[in-house]
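Asks: I am sharing structure38.txt, which consists of compact mmCIF, C-alpha atoms:
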```
# COMPACT_ATOMS: atom_id res chain seq x y z
CA MET N 176 111.37 21.66 36.33
CA SER N 177 113.31 19.18 34.27
CA PRO N 178 111.55 18.36 30.98
CA ASN N 179 109.40 21.43 30.96
CA VAL N 180 105.79 20.71 31.97
CA ASN N 181 104.45 23.52 29.81
CA THR N 182 106.22 22.25 26.73
CA VAL N 183 104.94 18.72 27.30
CA LEU N 184 101.39 20.03 27.73
CA PHE N 185 101.85 22.18 24.65
CA LEU N 186 102.94 19.19 22.58
CA PHE N 187 99.93 17.19 23.81
CA PHE N 188 97.43 19.92 22.93
CA ALA N 189 99.22 20.64 19.64
CA ALA N 190 98.81 16.97 18.70
CA CYS N 191 95.12 17.18 19.69
CA ALA N 192 94.62 20.34 17.64
CA ALA N 193 96.34 19.04 14.50
CA GLY N 194 94.67 15.62 14.80
CA SER N 195 91.19 17.07 15.20
CA ALA N 196 91.83 19.49 12.34
CA LEU N 197 92.84 16.59 10.08
CA ALA N 198 89.77 14.62 11.19
CA MET N 199 87.63 17.67 10.47
CA VAL N 200 88.91 17.86 6.91
CA THR N 201 88.48 14.13 6.23
CA ARG N 202 85.06 13.31 7.79
CA THR N 203 82.14 13.32 5.34
CA ASN N 204 79.34 13.98 7.83
CA PRO N 205 79.04 17.75 8.44
CA VAL N 206 78.01 17.20 12.06
CA SER N 207 81.15 15.23 12.87
CA CYS N 208 83.18 17.89 11.03
CA ALA N 209 81.71 20.48 13.38
CA MET N 210 82.44 18.31 16.43
CA TRP N 211 86.08 17.81 15.43
CA LEU N 212 86.41 21.53 14.79
CA ILE N 213 85.13 22.20 18.31
CA GLY N 214 87.85 19.84 19.54
CA THR N 215 90.43 21.88 17.65
CA PHE N 216 89.08 25.11 19.15
CA PHE N 217 89.30 23.71 22.68
CA SER N 218 92.88 22.53 22.11
CA VAL N 219 93.85 25.94 20.73
CA ALA N 220 92.19 27.59 23.75
CA ALA N 221 94.30 25.38 26.03
CA ILE N 222 97.40 26.48 24.11
CA TYR N 223 96.40 30.14 24.56
CA THR N 224 96.27 29.65 28.32
CA LEU N 225 99.63 27.87 28.23
CA LEU N 226 101.01 30.91 26.41
CA GLY N 227 99.68 33.17 29.16
CA ALA N 228 96.80 34.68 27.15
CA PHE N 229 94.08 33.63 29.62
CA PHE N 230 91.44 36.10 28.47
CA ILE N 231 91.87 35.18 24.81
CA GLY N 232 91.57 31.50 25.77
CA ILE N 233 88.27 32.09 27.54
CA ILE N 234 86.98 34.23 24.66
CA GLN N 235 88.01 31.46 22.28
CA ILE N 236 85.87 28.94 24.17
CA LEU N 237 82.91 31.30 24.66
CA VAL N 238 82.75 32.84 21.19
CA TYR N 239 84.26 30.22 18.89
CA ALA N 240 83.41 26.90 20.50
CA GLY N 241 80.24 28.32 22.04
CA ALA N 242 78.56 30.84 19.78
CA ILE N 243 80.00 30.32 16.30
CA MET N 244 79.96 26.53 16.32
CA VAL N 245 76.43 26.45 17.74
CA LEU N 246 75.45 28.68 14.81
CA PHE N 247 77.08 26.20 12.42
CA LEU N 248 75.38 23.20 14.03
CA PHE N 249 72.09 25.05 14.05
CA VAL N 250 72.32 25.73 10.31
CA ILE N 251 73.36 22.12 9.60
CA MET N 252 70.29 20.88 11.45
CA LEU N 253 68.03 23.55 9.95
CA LEU N 254 69.05 22.46 6.45
CA ASN N 255 68.83 18.81 7.54
CA LEU N 256 72.34 17.98 6.35
CA GLY N 257 73.04 15.61 9.25
CA HIS N 258 71.98 12.60 7.18
CA ASP N 259 71.51 11.94 3.45
CA TYR N 260 74.51 14.16 2.86
CA GLU N 261 75.87 14.34 -0.67
CA PRO N 262 79.34 13.02 -1.58
CA ASP N 263 81.45 15.75 -0.16
CA ILE N 264 85.15 15.16 -0.75
CA ARG N 265 86.41 15.85 -4.27
CA GLY N 266 88.26 13.34 -6.50
CA THR N 267 91.87 12.20 -6.48
CA GLY N 268 93.27 15.07 -8.54
CA TRP N 269 91.74 17.57 -6.15
CA LYS N 270 93.06 15.59 -3.18
CA ILE N 271 96.60 15.66 -4.57
CA SER N 272 96.43 19.38 -5.32
CA ALA N 273 94.96 20.04 -1.87
CA ALA N 274 97.78 18.13 -0.17
CA GLY N 275 100.30 19.93 -2.38
CA ALA N 276 98.84 23.35 -1.63
CA GLY N 277 98.73 22.59 2.10
CA LEU N 278 102.35 21.44 2.12
CA ILE N 279 103.48 24.45 0.09
CA ILE N 280 101.71 26.81 2.50
CA ILE N 281 103.25 25.02 5.49
CA ALA N 282 106.70 25.20 3.88
CA LEU N 283 106.35 28.90 3.02
CA LEU N 284 105.07 29.79 6.48
CA GLY N 285 107.79 27.66 8.03
CA ARG N 286 110.35 29.60 6.00
CA VAL N 287 108.93 32.94 7.14
CA PHE N 288 108.57 31.86 10.77
CA GLY N 289 111.91 30.09 10.80
CA GLY N 290 113.69 33.24 9.61
CA ASP N 291 114.93 35.95 11.87
CA LEU N 292 111.66 37.38 13.15
CA PRO N 293 111.91 40.89 14.55
CA ARG N 294 111.42 40.94 18.31
CA PRO N 295 111.18 44.60 19.25
CA LEU N 296 110.64 43.89 22.95
CA GLY N 297 113.45 41.36 23.25
CA ASP N 298 113.54 37.67 24.15
CA VAL N 299 113.56 38.06 27.92
CA ALA N 300 112.34 41.60 28.53
CA GLY N 301 109.17 41.18 26.45
CA PRO N 302 107.60 38.27 28.39
CA ARG N 303 108.67 39.91 31.64
CA MET N 304 106.98 43.16 30.61
CA LEU N 305 103.80 41.30 29.72
CA ALA N 306 103.83 39.48 33.07
CA ALA N 307 104.32 42.77 34.91
CA ALA N 308 101.44 44.39 33.00
CA GLN N 309 99.24 41.41 33.81
CA ALA N 310 100.14 41.56 37.51
CA GLU N 311 99.30 45.25 37.50
CA ARG N 312 96.06 45.27 35.51
CA GLY N 313 94.74 41.74 35.91
CA VAL N 314 93.96 39.15 33.25
CA VAL N 315 90.95 40.96 31.78
CA GLY N 316 92.31 44.45 32.29
CA LEU N 317 95.38 43.50 30.29
CA ILE N 318 93.19 43.48 27.18
CA GLY N 319 90.23 45.55 28.39
CA ILE N 320 91.95 48.74 29.52
CA PRO N 321 93.79 49.39 26.23
CA LEU N 322 90.66 48.32 24.37
CA TYR N 323 88.62 51.11 25.94
CA ASN N 324 91.34 53.76 25.84
CA GLN N 325 93.64 53.41 22.90
CA TYR N 326 91.48 51.17 20.69
CA VAL N 327 88.04 52.57 21.38
CA VAL N 328 87.43 53.60 17.75
CA PRO N 329 88.12 50.11 16.35
CA LEU N 330 85.96 48.71 19.15
CA GLN N 331 83.02 50.90 18.13
CA ALA N 332 83.65 50.06 14.48
CA THR N 333 83.43 46.36 15.43
CA ALA N 334 80.13 47.05 17.18
CA ILE N 335 78.76 48.68 14.02
CA LEU N 336 80.10 45.80 11.94
CA LEU N 337 78.30 43.27 14.13
CA LEU N 338 75.07 45.28 13.91
CA VAL N 339 75.33 45.44 10.11
CA ALA N 340 76.09 41.72 9.98
CA VAL N 341 73.03 40.85 12.08
CA VAL N 342 70.74 43.03 9.96
CA GLY N 343 72.31 41.64 6.78
CA ALA N 344 71.87 38.05 7.97
CA VAL N 345 68.18 38.66 8.69
CA VAL N 346 67.64 40.32 5.30
CA LEU N 347 69.48 37.52 3.45
CA ALA N 348 67.75 34.66 5.21
CA LYS N 349 64.28 36.20 5.11
CA ARG N 350 61.81 34.50 2.81
CA LYS N 351 60.75 36.79 0.00
CA ALA N 352 57.12 37.76 0.41
CA MET B 158 102.40 35.42 38.62
CA ASN B 159 104.01 32.03 38.62
CA GLU B 160 102.06 30.91 35.58
CA MET B 161 103.56 33.67 33.53
CA SER B 162 107.03 32.25 34.00
CA GLY B 163 105.92 29.55 31.57
CA VAL B 164 105.55 32.05 28.74
CA ALA B 165 109.15 31.98 27.72
CA GLN B 166 109.46 28.24 28.22
CA ILE B 167 107.52 27.10 25.17
CA PRO B 168 109.83 27.70 22.21
CA LEU B 169 108.41 30.18 19.75
CA SER B 170 109.18 27.87 16.85
CA TYR B 171 106.78 25.21 18.25
CA THR B 172 103.79 27.53 18.43
CA LEU B 173 104.48 29.13 15.06
CA GLY B 174 104.97 25.65 13.57
CA LEU B 175 101.59 24.55 14.91
CA SER B 176 100.07 27.71 13.47
CA ALA B 177 101.56 26.94 10.04
CA ILE B 178 100.32 23.32 10.20
CA LEU B 179 96.77 24.35 11.12
CA PHE B 180 96.75 26.95 8.34
CA GLY B 181 97.96 24.35 5.82
CA ILE B 182 95.25 21.89 6.90
CA GLY B 183 92.70 24.67 6.49
CA VAL B 184 93.92 25.45 2.96
CA ALA B 185 93.81 21.77 2.01
CA GLY B 186 90.28 21.55 3.38
CA VAL B 187 89.09 24.55 1.39
CA ILE B 188 90.41 22.92 -1.78
CA VAL B 189 89.19 19.39 -1.18
CA ARG B 190 85.73 19.87 0.31
CA ARG B 191 82.54 20.45 -1.64
CA ASN B 192 80.07 21.19 1.12
CA ALA B 193 79.94 24.97 1.58
CA ILE B 194 79.39 24.72 5.35
CA VAL B 195 82.42 22.50 5.86
CA LEU B 196 84.40 24.84 3.62
CA PHE B 197 83.39 27.65 5.93
CA MET B 198 84.63 25.67 8.92
CA CYS B 199 88.01 25.33 7.16
CA VAL B 200 88.11 29.13 6.82
CA GLU B 201 87.46 29.41 10.57
CA LEU B 202 90.33 27.00 11.15
CA MET B 203 92.64 29.25 9.10
CA LEU B 204 91.54 32.28 11.13
CA ASN B 205 92.37 30.32 14.27
CA ALA B 206 95.83 29.49 12.97
CA VAL B 207 96.50 33.18 12.39
CA ASN B 208 95.21 34.03 15.88
CA LEU B 209 97.59 31.48 17.33
CA ALA B 210 100.53 33.15 15.58
CA PHE B 211 99.41 36.53 16.94
CA VAL B 212 99.16 35.24 20.51
CA ALA B 213 102.46 33.38 20.26
CA LEU B 214 104.28 36.50 19.10
CA SER B 215 102.62 38.92 21.51
CA PRO B 216 105.18 38.50 24.36
CA TYR B 217 107.95 39.49 21.95
CA ALA B 218 106.19 42.09 19.82
CA GLY B 219 103.71 43.75 22.16
CA LEU B 220 100.23 43.36 23.56
CA GLN B 221 98.65 44.66 20.34
CA GLY B 222 98.73 41.09 19.03
CA GLN B 223 96.26 39.88 21.67
CA ILE B 224 94.02 42.91 21.11
CA PHE B 225 94.02 42.22 17.39
CA VAL B 226 92.99 38.60 18.09
CA PHE B 227 89.97 40.00 19.92
CA PHE B 228 88.96 41.94 16.80
CA VAL B 229 89.60 38.94 14.56
CA ILE B 230 87.24 36.85 16.69
CA ALA B 231 84.54 39.56 16.46
CA VAL B 232 84.91 39.79 12.68
CA ALA B 233 84.82 35.99 12.42
CA ALA B 234 81.50 35.98 14.27
CA ALA B 235 80.06 38.58 11.88
CA GLU B 236 81.40 36.64 8.89
CA ALA B 237 79.86 33.39 10.14
CA ALA B 238 76.46 35.05 10.60
CA VAL B 239 76.41 36.55 7.09
CA GLY B 240 77.93 33.48 5.41
CA LEU B 241 75.44 31.08 6.96
CA ALA B 242 72.57 33.38 5.96
CA ILE B 243 73.85 33.27 2.37
CA MET B 244 73.95 29.48 2.62
CA ILE B 245 70.35 29.35 3.81
CA ALA B 246 69.32 31.62 0.92
CA VAL B 247 71.14 29.42 -1.64
CA PHE B 248 69.75 26.23 -0.09
CA ARG B 249 66.23 27.60 -0.44
CA HIS B 250 66.70 27.91 -4.22
CA ARG B 251 68.79 24.81 -4.96
CA GLU B 252 68.03 22.35 -2.13
CA SER B 253 71.76 21.80 -1.63
CA VAL B 254 74.83 23.55 -0.26
CA ASP B 255 77.25 22.01 -2.77
CA MET B 256 79.85 24.51 -3.98
CA LYS B 257 78.69 24.18 -7.59
CA ASN B 258 75.52 26.04 -6.62
CA PHE B 259 77.55 29.03 -5.53
CA SER B 260 78.86 29.73 -9.02
CA LEU B 261 75.80 31.90 -9.76
CA LEU B 262 77.70 34.81 -8.23
CA ARG B 263 80.79 34.22 -10.34
CA TRP B 264 80.33 36.19 -13.55
```
As structure tokens, how would this structure be written, given the file I've shared?
Replies:
Amino acid sequence: MSPNVNTVLFLFFAACAAGSALAMVTRTNPVSCAMWLIGTFFSVAAIYTLLGAFFIGIIQILVYAGAIMVLFLFVIMLLNLGHDYEPDIRGTGWKISAAGAGLIIIALLGRVFGGDLPRPLGDVAGPRMLAAAQAERGVVGLIGIPLYNQYVVPLQATAILLLVAVVGAVVLAKRKA
Amino acid sequence: MNEMSGVAQIPLSYTLGLSAILFGIGVAGVIVRRNAIVLFMCVELMLNAVNLAFVALSPYAGLQGQIFVFFVIAVAAAEAAVGLAIMIAVFRHRESVDMKNFSLLRW
């Protein structure tokens, strides 16, 4: 494989993700913001699969692009924000500070990521180990088996958290009698 | 597992760079937007950027990264449910989801 197919695909989806994210920040209509964000989520899911994290990619599409964004769109339509929306983007000073803050964050993260990151599993052995584990346990078992053995307490804690969140959402959104 | 041979072929700096760019766009969005729902979407974008860094590093630092992404997604779902309920409650009082209406919780 001469110019690596995966890298080319990655660059394509990275451009899609960054472009849709920028469009999401700059559109004034909340519905188009949500649509562009769904585009970003799909591009990121494609990048997950390119990185070999197939299960996380599927979960990303199901939970993020499916459930969470439908919740957002549902609330936008419930509150009737799809039209007659108020002026949404702040003034020039805010824009400049937002761009500055974004660039500073990107620079700081770039500095951290560009440094010598610790790689406890090694450059070659790590990916090979992950591939072997995936061949042995399957794509879902790669995440699922540790989740139900080693990480069962956090998993149950997440279940309780979701229950509390659902009850809390109902209590918050309920009309006072 | 032929697909897995591609793992090492995308340079780590590319994926981490994309993660940093998405996070920066999310930060800029949180600062510049006024609509609370869109602001929430920017927070989701930042969570996604962090997830991407976790997944990108997981071949080199262990599977725990991907498992943590799973938990982050679950917590993001809970956060979206509660946050949107708060927005509905505020909208009922003020007829708007502009961020200036959320200052009633400030002091």
Asks: Could you list the residues in chain N lying within 6 Å of chain B, using all atoms listed in the file, and format the result as a PyMOL selection string?
Replies: chain N and resi 182+200+226-227+263-265+269-270+273-274+277+280-281+284+294-297+301-302+306+337+340+344+347-348
Asks: Please measure the separation of CA of Ser207 in chain N and CA of Val250 in chain N, giving the value in Å to one decimal.
Replies: 14.0 Å
Asks: Given all atoms listed in the file as the basis, pick out the residue of N:Leu197, N:Ala228, N:Ala189, N:Arg350 nearest to His250 in chain B.
Replies: N:Arg350
Asks: Quick one: distance from CA of Thr333 in chain N to CA of Ala209 in chain N in Å, one decimal?
Replies: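 Straight-line distance from CA of Thr333 in chain N to CA of Ala209 in chain N works out to 26.0 Å.
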Asks: What gap, in Å, lies between CA of Met210 in chain N and CA of Leu237 in chain N?
Replies: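 Interatomic distance, CA of Met210 in chain N to CA of Leu237 in chain N: 15.4 Å.
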